[in-house]
$ cat target_26.txt   # compact mmCIF, C-alpha atoms
# COMPACT_ATOMS: atom_id res chain seq x y z
CA MET A 1 -17.10 -45.84 -82.21
CA THR A 2 -17.72 -42.91 -84.53
CA ASP A 3 -21.21 -41.47 -84.89
CA VAL A 4 -23.82 -42.52 -87.42
CA ALA A 5 -23.51 -39.32 -89.46
CA ALA A 6 -19.77 -39.88 -89.95
CA VAL A 7 -20.35 -43.47 -91.08
CA GLU A 8 -22.97 -42.35 -93.58
CA ARG A 9 -20.58 -39.72 -94.90
CA ALA A 10 -17.94 -42.44 -95.20
CA ARG A 11 -20.32 -44.63 -97.19
CA ALA A 12 -20.99 -41.77 -99.59
CA LEU A 13 -17.26 -41.23 -100.04
CA LEU A 14 -16.70 -44.94 -100.71
CA ALA A 15 -19.44 -44.91 -103.32
CA GLU A 16 -17.25 -42.51 -105.30
CA ASN A 17 -13.82 -43.82 -104.29
CA PRO A 18 -14.16 -47.43 -103.12
CA VAL A 19 -11.56 -49.43 -101.28
CA LEU A 20 -8.94 -51.26 -103.31
CA ASP A 21 -7.67 -53.56 -100.57
CA GLY A 22 -4.18 -55.01 -100.80
CA HIS A 23 -4.68 -58.40 -99.20
CA ASN A 24 -7.50 -60.89 -98.54
CA ASP A 25 -6.89 -64.58 -97.82
CA LEU A 26 -10.29 -65.93 -98.91
CA PRO A 27 -8.72 -68.42 -101.38
CA TRP A 28 -6.69 -70.11 -98.63
CA ALA A 29 -9.73 -70.16 -96.34
CA LEU A 30 -11.71 -71.90 -99.10
CA ARG A 31 -8.90 -74.43 -99.54
CA GLU A 32 -8.78 -75.16 -95.82
CA LYS A 33 -12.53 -75.23 -95.17
CA VAL A 34 -14.05 -76.86 -98.24
CA GLY A 35 -11.19 -77.98 -100.50
CA TYR A 36 -12.20 -75.34 -103.07
CA ASP A 37 -15.72 -76.80 -103.37
CA LEU A 38 -17.54 -73.56 -104.03
CA GLU A 39 -20.90 -75.32 -103.85
CA ARG A 40 -20.23 -75.98 -100.17
CA CYS A 41 -19.26 -72.37 -99.46
CA ASP A 42 -21.27 -70.01 -101.62
CA ILE A 43 -20.07 -66.47 -101.01
CA ALA A 44 -23.27 -65.19 -102.62
CA CYS A 45 -24.81 -66.28 -99.31
CA ASP A 46 -24.14 -64.84 -95.88
CA GLN A 47 -20.94 -66.41 -94.52
CA SER A 48 -20.92 -64.52 -91.21
CA GLY A 49 -19.43 -66.70 -88.51
CA GLN A 50 -17.59 -68.75 -91.12
CA LEU A 51 -15.62 -66.21 -93.14
CA HIS A 52 -14.80 -62.51 -93.01
CA THR A 53 -15.75 -62.23 -96.67
CA ASP A 54 -18.83 -62.66 -98.84
CA LEU A 55 -20.24 -60.69 -101.73
CA ALA A 56 -22.90 -58.78 -99.80
CA ARG A 57 -20.45 -57.68 -97.14
CA LEU A 58 -17.91 -56.60 -99.77
CA ARG A 59 -20.62 -54.36 -101.22
CA ALA A 60 -21.61 -53.09 -97.77
CA GLY A 61 -17.99 -52.26 -97.06
CA GLY A 62 -17.55 -50.16 -100.17
CA VAL A 63 -14.97 -52.51 -101.70
CA GLY A 64 -14.40 -51.77 -105.38
CA GLY A 65 -11.20 -53.74 -105.82
CA GLN A 66 -9.46 -56.60 -104.05
CA PHE A 67 -6.06 -58.21 -104.33
CA TRP A 68 -6.92 -61.83 -103.61
CA SER A 69 -3.92 -63.49 -102.01
CA VAL A 70 -2.84 -66.74 -103.67
CA TYR A 71 -0.80 -67.56 -100.56
CA VAL A 72 0.58 -71.00 -99.76
CA LYS A 73 2.32 -72.02 -96.55
CA SER A 74 6.07 -71.44 -96.47
CA GLN A 75 6.38 -75.05 -95.29
CA PHE A 76 5.41 -75.94 -98.86
CA GLN A 77 8.66 -76.14 -100.77
CA GLY A 78 9.84 -76.84 -104.30
CA ASP A 79 7.32 -78.08 -106.82
CA MET A 80 4.74 -78.55 -104.05
CA ALA A 81 4.74 -74.79 -103.46
CA VAL A 82 4.36 -74.10 -107.18
CA SER A 83 1.48 -76.58 -107.57
CA ALA A 84 -0.35 -75.23 -104.52
CA THR A 85 0.05 -71.66 -105.83
CA LEU A 86 -1.46 -72.74 -109.14
CA GLU A 87 -4.38 -74.25 -107.26
CA GLN A 88 -4.87 -70.97 -105.42
CA ILE A 89 -4.82 -69.05 -108.69
CA ASP A 90 -7.34 -71.50 -110.12
CA CYS A 91 -9.60 -70.83 -107.12
CA VAL A 92 -9.64 -67.09 -107.79
CA HIS A 93 -10.39 -67.62 -111.47
CA SER A 94 -13.19 -70.01 -110.47
CA LEU A 95 -14.67 -67.40 -108.13
CA ILE A 96 -14.60 -64.79 -110.90
CA ALA A 97 -16.26 -67.20 -113.34
CA ARG A 98 -18.90 -68.23 -110.78
CA TYR A 99 -19.92 -64.65 -109.92
CA PRO A 100 -19.53 -62.69 -113.18
CA ASP A 101 -22.08 -60.08 -112.17
CA GLU A 102 -20.06 -59.23 -109.05
CA LEU A 103 -16.38 -59.94 -109.76
CA GLN A 104 -14.23 -59.03 -112.75
CA LEU A 105 -10.61 -60.01 -113.36
CA ALA A 106 -8.26 -57.02 -113.44
CA ARG A 107 -4.69 -57.31 -114.67
CA THR A 108 -4.02 -53.62 -115.23
CA ALA A 109 -4.94 -50.26 -113.77
CA ASP A 110 -7.26 -49.64 -116.72
CA GLU A 111 -8.99 -52.98 -116.16
CA ALA A 112 -9.46 -52.13 -112.48
CA GLU A 113 -11.06 -48.82 -113.45
CA ALA A 114 -13.22 -50.56 -116.07
CA ALA A 115 -14.48 -53.10 -113.54
CA ARG A 116 -15.38 -50.30 -111.15
CA ALA A 117 -17.18 -48.42 -113.93
CA ALA A 118 -19.17 -51.59 -114.68
CA GLY A 119 -20.23 -51.82 -111.05
CA LYS A 120 -18.12 -54.90 -110.37
CA ILE A 121 -15.37 -55.64 -107.85
CA ALA A 122 -12.01 -55.53 -109.62
CA SER A 123 -10.31 -58.82 -108.74
CA LEU A 124 -6.52 -58.83 -108.79
CA LEU A 125 -4.13 -61.58 -107.70
CA GLY A 126 -1.13 -61.37 -105.40
CA ALA A 127 1.27 -64.22 -104.62
CA GLU A 128 2.43 -64.25 -100.99
CA GLY A 129 5.99 -65.54 -100.70
CA GLY A 130 8.86 -66.12 -103.10
CA HIS A 131 8.81 -69.83 -102.28
CA SER A 132 5.91 -69.89 -104.77
CA ILE A 133 8.33 -69.68 -107.71
CA ASN A 134 10.84 -72.31 -106.51
CA CYS A 135 13.84 -70.11 -107.48
CA SER A 136 12.69 -70.03 -111.13
CA LEU A 137 12.27 -66.84 -113.13
CA ALA A 138 10.34 -68.79 -115.78
CA THR A 139 7.84 -69.79 -113.08
CA LEU A 140 7.62 -66.14 -112.03
CA ARG A 141 6.72 -65.23 -115.61
CA ALA A 142 4.13 -68.01 -115.73
CA LEU A 143 2.43 -66.59 -112.63
CA TYR A 144 2.33 -63.20 -114.31
CA GLU A 145 0.67 -64.71 -117.39
CA LEU A 146 -1.98 -66.22 -115.10
CA GLY A 147 -2.80 -62.76 -113.73
CA VAL A 148 -0.58 -62.41 -110.65
CA ARG A 149 0.26 -58.72 -110.28
CA TYR A 150 2.30 -58.69 -107.09
CA MET A 151 4.56 -61.10 -105.30
CA THR A 152 5.45 -60.74 -101.64
CA LEU A 153 9.14 -61.61 -101.62
CA THR A 154 8.90 -63.82 -98.50
CA HIS A 155 6.31 -65.09 -96.09
CA ASN A 156 7.16 -65.96 -92.47
CA ASP A 157 10.33 -67.93 -93.29
CA ASN A 158 13.48 -67.07 -95.21
CA ILE A 159 13.83 -68.28 -98.76
CA PRO A 160 17.21 -68.97 -100.42
CA TRP A 161 17.40 -65.48 -101.90
CA ALA A 162 15.67 -63.20 -99.34
CA ASP A 163 15.29 -62.78 -95.58
CA SER A 164 11.93 -62.73 -93.83
CA ALA A 165 11.02 -60.36 -90.99
CA THR A 166 10.17 -63.32 -88.74
CA ASP A 167 13.18 -65.58 -89.30
CA GLU A 168 16.85 -65.38 -88.37
CA PRO A 169 19.09 -63.37 -90.76
CA ALA A 170 20.69 -65.53 -93.42
CA ALA A 171 21.09 -63.57 -96.66
CA ASN A 172 21.17 -60.23 -94.81
CA GLY A 173 18.63 -58.90 -97.27
CA LEU A 174 18.57 -59.92 -100.91
CA THR A 175 21.15 -62.14 -102.59
CA ALA A 176 22.29 -61.45 -106.17
CA PHE A 177 19.51 -63.74 -107.39
CA GLY A 178 17.04 -61.86 -105.22
CA VAL A 179 18.06 -58.63 -106.92
CA GLU A 180 17.51 -60.34 -110.27
CA VAL A 181 14.01 -61.41 -109.18
CA VAL A 182 13.16 -57.79 -108.33
CA ARG A 183 14.51 -56.54 -111.64
CA GLU A 184 12.60 -59.19 -113.61
CA MET A 185 9.41 -58.27 -111.75
CA ASN A 186 10.04 -54.65 -112.78
CA ARG A 187 10.51 -55.73 -116.41
CA MET A 188 7.21 -57.63 -116.41
CA GLY A 189 5.17 -55.08 -114.49
CA MET A 190 4.64 -57.24 -111.40
CA LEU A 191 4.64 -55.20 -108.20
CA VAL A 192 7.34 -55.98 -105.63
CA ASP A 193 5.54 -56.50 -102.31
CA LEU A 194 7.66 -55.93 -99.20
CA SER A 195 5.23 -57.04 -96.51
CA HIS A 196 6.68 -59.92 -94.45
CA VAL A 197 10.29 -59.19 -95.41
CA ALA A 198 13.12 -58.16 -93.11
CA PRO A 199 14.09 -54.47 -93.02
CA SER A 200 17.38 -55.43 -94.71
CA THR A 201 15.37 -56.97 -97.56
CA MET A 202 13.15 -53.88 -97.75
CA ARG A 203 16.19 -51.62 -98.12
CA ASP A 204 17.92 -53.90 -100.66
CA ALA A 205 14.74 -54.09 -102.72
CA LEU A 206 14.32 -50.31 -102.69
CA ARG A 207 17.90 -49.97 -103.97
CA ALA A 208 17.37 -52.61 -106.67
CA THR A 209 13.92 -51.70 -108.00
CA ARG A 210 13.26 -49.52 -111.00
CA ALA A 211 9.52 -49.35 -110.23
CA PRO A 212 7.35 -48.44 -107.24
CA VAL A 213 6.99 -51.09 -104.54
CA ILE A 214 4.07 -51.87 -102.26
CA PHE A 215 3.51 -53.19 -98.78
CA SER A 216 0.27 -55.10 -99.28
CA HIS A 217 -0.54 -55.50 -95.58
CA SER A 218 1.89 -53.86 -93.12
CA SER A 219 1.60 -51.09 -90.55
CA SER A 220 3.99 -48.77 -88.70
CA ARG A 221 6.82 -50.15 -86.56
CA ALA A 222 7.14 -46.84 -84.73
CA VAL A 223 3.55 -47.19 -83.52
CA CYS A 224 3.75 -50.94 -82.78
CA ASP A 225 7.19 -52.53 -82.54
CA HIS A 226 6.49 -55.78 -84.35
CA PRO A 227 8.97 -57.10 -86.95
CA ARG A 228 6.18 -57.37 -89.54
CA ASN A 229 5.79 -53.60 -89.57
CA ILE A 230 7.61 -50.91 -91.55
CA PRO A 231 10.44 -48.83 -89.99
CA ASP A 232 10.19 -45.08 -90.42
CA ASP A 233 13.29 -44.82 -92.62
CA VAL A 234 11.65 -47.19 -95.11
CA LEU A 235 8.36 -45.29 -95.00
CA ALA A 236 10.31 -42.08 -95.59
CA ALA A 237 11.85 -43.62 -98.73
CA LEU A 238 8.49 -44.25 -100.39
CA PRO A 239 7.99 -40.76 -101.88
CA SER A 240 11.18 -41.02 -103.93
CA ASN A 241 10.29 -44.58 -104.96
CA GLY A 242 6.62 -43.83 -105.65
CA GLY A 243 5.41 -46.83 -103.66
CA VAL A 244 2.45 -47.42 -101.36
CA ALA A 245 2.29 -48.86 -97.82
CA MET A 246 -1.10 -50.47 -97.15
CA ALA A 247 -1.93 -50.53 -93.44
CA THR A 248 -3.17 -53.83 -92.07
CA PHE A 249 -5.76 -54.51 -89.37
CA VAL A 250 -4.10 -57.55 -87.71
CA PRO A 251 -4.31 -56.89 -83.94
CA LYS A 252 -0.92 -58.41 -83.12
CA PHE A 253 0.69 -56.07 -85.67
CA VAL A 254 -1.12 -52.89 -84.67
CA LEU A 255 -1.62 -53.04 -80.88
CA PRO A 256 1.54 -53.13 -78.73
CA GLU A 257 -0.29 -54.91 -75.89
CA ALA A 258 -1.33 -57.69 -78.28
CA VAL A 259 2.21 -58.62 -79.33
CA GLU A 260 3.14 -60.67 -76.24
CA TRP A 261 -0.40 -62.06 -75.87
CA SER A 262 -0.26 -63.35 -79.44
CA LYS A 263 3.10 -65.03 -78.87
CA ALA A 264 1.67 -66.91 -75.88
CA ALA A 265 -1.53 -67.83 -77.75
CA GLU A 266 0.48 -69.15 -80.69
CA ALA A 267 2.57 -71.22 -78.28
CA ALA A 268 -0.68 -72.72 -76.94
CA LEU A 269 -1.66 -73.64 -80.51
CA ARG A 270 1.67 -75.33 -81.18
CA GLU A 271 1.41 -77.28 -77.93
CA ARG A 272 -1.85 -78.75 -79.24
CA GLY A 273 -0.30 -79.64 -82.59
CA PHE A 274 -1.59 -76.71 -84.66
CA ASP A 275 0.32 -74.29 -86.83
CA ALA A 276 0.52 -70.79 -85.35
CA LEU A 277 -1.52 -69.47 -88.31
CA ALA A 278 -4.19 -72.19 -88.18
CA THR A 279 -7.78 -70.96 -88.53
CA SER A 280 -9.69 -74.27 -88.49
CA PRO A 281 -12.62 -74.65 -86.08
CA GLU A 282 -10.47 -76.89 -83.89
CA ALA A 283 -7.68 -74.32 -83.75
CA LYS A 284 -10.17 -71.56 -83.04
CA ALA A 285 -11.50 -73.60 -80.12
CA VAL A 286 -7.98 -73.74 -78.66
CA LEU A 287 -7.63 -69.97 -79.05
CA GLU A 288 -11.03 -69.34 -77.50
CA ALA A 289 -10.13 -71.45 -74.49
CA TYR A 290 -6.82 -69.62 -74.14
CA GLU A 291 -8.59 -66.27 -74.45
CA GLU A 292 -11.13 -67.20 -71.78
CA ALA A 293 -8.30 -67.90 -69.34
CA ASN A 294 -6.17 -64.98 -70.56
CA PRO A 295 -8.29 -62.03 -71.75
CA ARG A 296 -7.11 -60.71 -75.09
CA PRO A 297 -6.03 -57.08 -75.50
CA THR A 298 -8.46 -55.60 -78.00
CA ALA A 299 -7.52 -53.44 -80.95
CA THR A 300 -10.07 -50.94 -82.24
CA VAL A 301 -10.72 -48.79 -85.28
CA ALA A 302 -8.78 -46.03 -83.52
CA THR A 303 -5.77 -48.35 -83.18
CA VAL A 304 -5.57 -48.76 -86.96
CA ALA A 305 -6.23 -45.05 -87.50
CA ASN A 306 -3.24 -44.26 -85.29
CA HIS A 307 -1.03 -46.19 -87.69
CA LEU A 308 -2.47 -44.40 -90.71
CA ASP A 309 -1.97 -41.02 -89.05
CA HIS A 310 1.70 -41.83 -88.49
CA MET A 311 2.23 -43.38 -91.92
CA ARG A 312 0.71 -40.31 -93.58
CA GLU A 313 2.99 -38.05 -91.54
CA VAL A 314 6.15 -39.96 -92.52
CA ALA A 315 5.44 -41.17 -96.07
CA GLY A 316 2.84 -38.64 -97.21
CA VAL A 317 -0.76 -39.14 -98.19
CA ASP A 318 0.18 -40.20 -101.73
CA HIS A 319 1.95 -43.29 -100.42
CA ILE A 320 -0.52 -45.06 -98.13
CA GLY A 321 -3.38 -47.51 -98.61
CA ILE A 322 -5.32 -50.30 -96.90
CA GLY A 323 -4.61 -54.04 -96.72
CA GLY A 324 -6.94 -55.60 -94.18
CA ASP A 325 -5.75 -59.26 -94.26
CA PHE A 326 -9.29 -60.54 -93.77
CA ASP A 327 -9.72 -64.33 -93.69
CA GLY A 328 -6.03 -64.65 -92.91
CA VAL A 329 -6.29 -63.98 -89.17
CA ALA A 330 -8.09 -65.43 -86.17
CA PHE A 331 -8.83 -62.05 -84.56
CA THR A 332 -9.81 -58.64 -85.90
CA PRO A 333 -10.15 -55.23 -84.22
CA ASP A 334 -13.43 -54.16 -82.68
CA GLY A 335 -15.28 -52.26 -85.40
CA LEU A 336 -13.27 -53.93 -88.17
CA GLU A 337 -14.74 -57.40 -87.89
CA ASP A 338 -15.10 -58.16 -91.60
CA VAL A 339 -15.08 -56.67 -95.09
CA ALA A 340 -18.27 -54.73 -94.37
CA SER A 341 -16.38 -52.62 -91.82
CA TYR A 342 -14.30 -50.26 -93.96
CA PRO A 343 -16.77 -47.37 -93.51
CA ASN A 344 -16.01 -47.40 -89.77
CA LEU A 345 -12.34 -46.72 -90.46
CA ILE A 346 -13.10 -44.00 -93.01
CA ALA A 347 -15.52 -42.39 -90.54
CA GLU A 348 -12.84 -42.39 -87.84
CA LEU A 349 -10.39 -40.69 -90.21
CA LEU A 350 -13.03 -38.13 -91.21
CA ASP A 351 -13.52 -37.36 -87.52
CA ARG A 352 -9.76 -36.85 -87.24
CA GLY A 353 -9.82 -34.22 -89.96
CA TRP A 354 -8.76 -36.20 -93.01
CA SER A 355 -10.09 -34.53 -96.14
CA GLU A 356 -12.24 -36.38 -98.65
CA ALA A 357 -9.52 -35.86 -101.26
CA ASP A 358 -6.93 -37.49 -98.99
CA LEU A 359 -9.26 -40.39 -98.21
CA ALA A 360 -9.88 -40.96 -101.93
CA LYS A 361 -6.14 -41.43 -102.34
CA LEU A 362 -6.02 -43.82 -99.39
CA THR A 363 -8.88 -46.00 -100.57
CA TRP A 364 -8.51 -46.18 -104.36
CA ARG A 365 -6.34 -43.70 -106.17
CA ASN A 366 -2.92 -44.54 -104.70
CA ALA A 367 -3.30 -48.26 -105.39
CA VAL A 368 -4.42 -47.69 -108.97
CA ARG A 369 -1.66 -45.15 -109.52
CA VAL A 370 1.06 -47.55 -108.35
CA LEU A 371 -0.28 -50.24 -110.70
CA ARG A 372 -0.21 -47.80 -113.61
CA ASP A 373 3.28 -46.57 -112.75
CA ALA A 374 4.63 -50.14 -112.64
CA GLU A 375 3.05 -50.81 -116.03
CA SER A 376 4.70 -47.71 -117.47
CA VAL A 377 8.12 -48.74 -116.14
CA ALA A 378 7.65 -52.22 -117.60
CA ALA A 379 6.69 -50.88 -121.02
CA ASN A 380 9.92 -48.86 -121.14
CA LEU A 381 12.10 -51.70 -119.86
CA GLN A 382 10.69 -54.18 -122.35
CA ARG A 383 12.02 -52.03 -125.18
CA THR A 384 15.60 -52.78 -124.15
CA GLU A 385 15.52 -55.89 -121.92
CA THR A 386 14.72 -59.51 -122.69
CA PRO A 387 13.40 -62.01 -120.13
CA SER A 388 16.11 -63.02 -117.69
CA ILE A 389 17.27 -66.65 -117.83
CA ALA A 390 19.62 -66.30 -114.85
CA THR A 391 19.58 -69.06 -112.24
CA ILE A 392 20.23 -68.99 -108.53
CA GLU A 393 23.15 -71.38 -109.06
CA GLN A 394 24.77 -68.91 -111.46
CA LEU A 395 24.26 -65.80 -109.38
CA ASP A 396 24.55 -67.00 -105.78
CA ALA A 397 26.95 -69.94 -106.02
CA PRO A 398 30.15 -67.94 -105.27
CA ALA A 399 28.67 -66.76 -101.95
CA ARG A 400 27.71 -70.23 -100.83
$ encode --input "target_26.txt" --output "structure tokens"
Amino acid sequence: MTDVAAVERARALLAENPVLDGHNDLPWALREKVGYDLERCDIACDQSGQLHTDLARLRAGGVGGQFWSVYVKSQFQGDMAVSATLEQIDCVHSLIARYPDELQLARTADEAEAARAAGKIASLLGAEGGHSINCSLATLRALYELGVRYMTLTHNDNIPWADSATDEPAANGLTAFGVEVVREMNRMGMLVDLSHVAPSTMRDALRATRAPVIFSHSSSRAVCDHPRNIPDDVLAALPSNGGVAMATFVPKFVLPEAVEWSKAAEAALRERGFDALATSPEAKAVLEAYEEANPRPTATVATVANHLDHMREVAGVDHIGIGGDFDGVAFTPDGLEDVASYPNLIAELLDRGWSEADLAKLTWRNAVRVLRDAESVAANLQRTETPSIATIEQLDAPAR
């Protein structure tokens, strides 16, 4: 761990340039644990041991902005996926309404800055997986109207118009309809999020987009060869695109030794009837028993810093950020246990020689800049383009 002086210096830096984190799964955790009953899980109270996130720990961690993920399982399909996404969106709006002195809805870069100036945590929404729109551009537009400002094109499974990083190739990237989705997102000002997608999908999206893209929670594949991470050629393309890659903390994505261990642990979960991503107390008990018999390789703050060092070297300091994935994972690195832990990472980077100016870009400025750039592109496109009414049947039928 870094020394106390470095952590205090990190806290001072975060007071001026707080973290705008790309991905937190609190809404799904609230769905799973309490069915969205916010009386039963009051994040104004200490939720240590239950959640990675509560209001006091967000403040302690120097968080000034958060993309709340409105994720739904990729097993949810069709109208079920759309309805569940709407429920997730409703949860975030309910949180903002319940804690108005702490959280403030942000739909634009200016609104994020205004929330920060008011001493509140700018609360943005990101949809995780194109299954959430059920192959409907009108549904995509409806999500935008409800405040969603990025959509991750896939989650863990392929969708009809895009390949996932963790499924077998089917579309070999984006289909014609997938390209249309990207272009309509550009026209609206919704960020194209390339976490979870296959490298072929990343490259197709970079060719199709007219606006900067993001990776809301992905790290470097060169540092840890996991399919959820970003290849160097894609990182190297971000300067010309203007996008931002937000490094995640998930141990099985950042620590090479954890990759095989995680596969075996997930197999143990499935053998007991749980989904590999399950985070219920019962599923955690299975993982704890597996870990007791098979000690888990442990990621640390330095592990994540190694990814950021490499990502800065390849993409440049203007094109990196942070996307912790708290409350979406069973395990976290030592020193990055919850949302109060961001100062530990900033202190580690300070010790490695990162300047305060570079760290301000990492924590806040790059994320706000990419939002503003996407808004500017959208304003220009809306002068000449009308909402797309294309369908997947029209665009992809000849290839089927």
$ atom_distance --input "target_26.txt" --atom1 "atom CA of A:Val244" --atom2 "atom CA of A:Gln66"
15.3 Å
$ closest_atom_pairs --input "target_26.txt" --of "stretch 8-59 of chain A" --to "stretch 209-232 of chain A" --cutoff "10 Å" --atoms "all atoms listed in the file" --output "JSON lines"
{"residue": "A:Asp21", "atom": "CA", "partner": "A:Ser216", "partner_atom": "CA", "distance": 8.2}
{"residue": "A:Gly22", "atom": "CA", "partner": "A:Ser216", "partner_atom": "CA", "distance": 4.7}
{"residue": "A:His23", "atom": "CA", "partner": "A:Ser216", "partner_atom": "CA", "distance": 5.9}
{"residue": "A:Asn24", "atom": "CA", "partner": "A:His217", "partner_atom": "CA", "distance": 9.3}
$ residues_around --input "target_26.txt" --residues "stretch 160-175 of chain A" --least-positions-apart "5" --cutoff "6 Å" --atoms "only C-alpha atoms" --output "MDAnalysis selection string"
chainID A and resid 154 196:198 200:201 227:228
$ atom_distance --input "target_26.txt" --atom1 "atom CA of A:Val368" --atom2 "atom CA of A:Ser240"
17.7 Å
$ atom_distance --input "target_26.txt" --atom1 "atom CA of A:Ala97" --atom2 "atom CA of A:Phe67"
16.3 Å
$ closest_residue --input "target_26.txt" --among "A:Ile322, A:Val314, A:Ala127, A:Met80" --to "A:Ala367" --atoms "all atoms listed in the file"
A:Ile322
$ closest_residue --input "target_26.txt" --among "A:Ala106, A:Ala357, A:Thr303, A:Gly316" --to "A:Leu345" --atoms "only C-alpha atoms"
A:Thr303
$ closest_residue --input "target_26.txt" --among "A:Thr386, A:Ser132, A:Asn17, A:Gln50" --to "A:Ala84" --atoms "only C-alpha atoms"
A:Ser132
$ residues_around --input "target_26.txt" --residues "A:Ala6" --least-positions-apart "5" --cutoff "10 Å" --atoms "all atoms listed in the file" --output "PyMOL selection string"
chain A and resi 11-12+343-344+346-351
$ write_last_selection --input "target_26.txt" --atoms "C-alpha atoms" --output "mmCIF file, in the frame of the given file"
data_model
loop_
_atom_site.group_PDB
_atom_site.id
_atom_site.type_symbol
_atom_site.label_atom_id
_atom_site.label_comp_id
_atom_site.auth_asym_id
_atom_site.auth_seq_id
_atom_site.Cartn_x
_atom_site.Cartn_y
_atom_site.Cartn_z
ATOM 1 C CA ARG A 11 -20.320 -44.630 -97.190
ATOM 2 C CA ALA A 12 -20.990 -41.770 -99.590
ATOM 3 C CA PRO A 343 -16.770 -47.370 -93.510
ATOM 4 C CA ASN A 344 -16.010 -47.400 -89.770
ATOM 5 C CA ILE A 346 -13.100 -44.000 -93.010
ATOM 6 C CA ALA A 347 -15.520 -42.390 -90.540
ATOM 7 C CA GLU A 348 -12.840 -42.390 -87.840
ATOM 8 C CA LEU A 349 -10.390 -40.690 -90.210
ATOM 9 C CA LEU A 350 -13.030 -38.130 -91.210
ATOM 10 C CA ASP A 351 -13.520 -37.360 -87.520
#
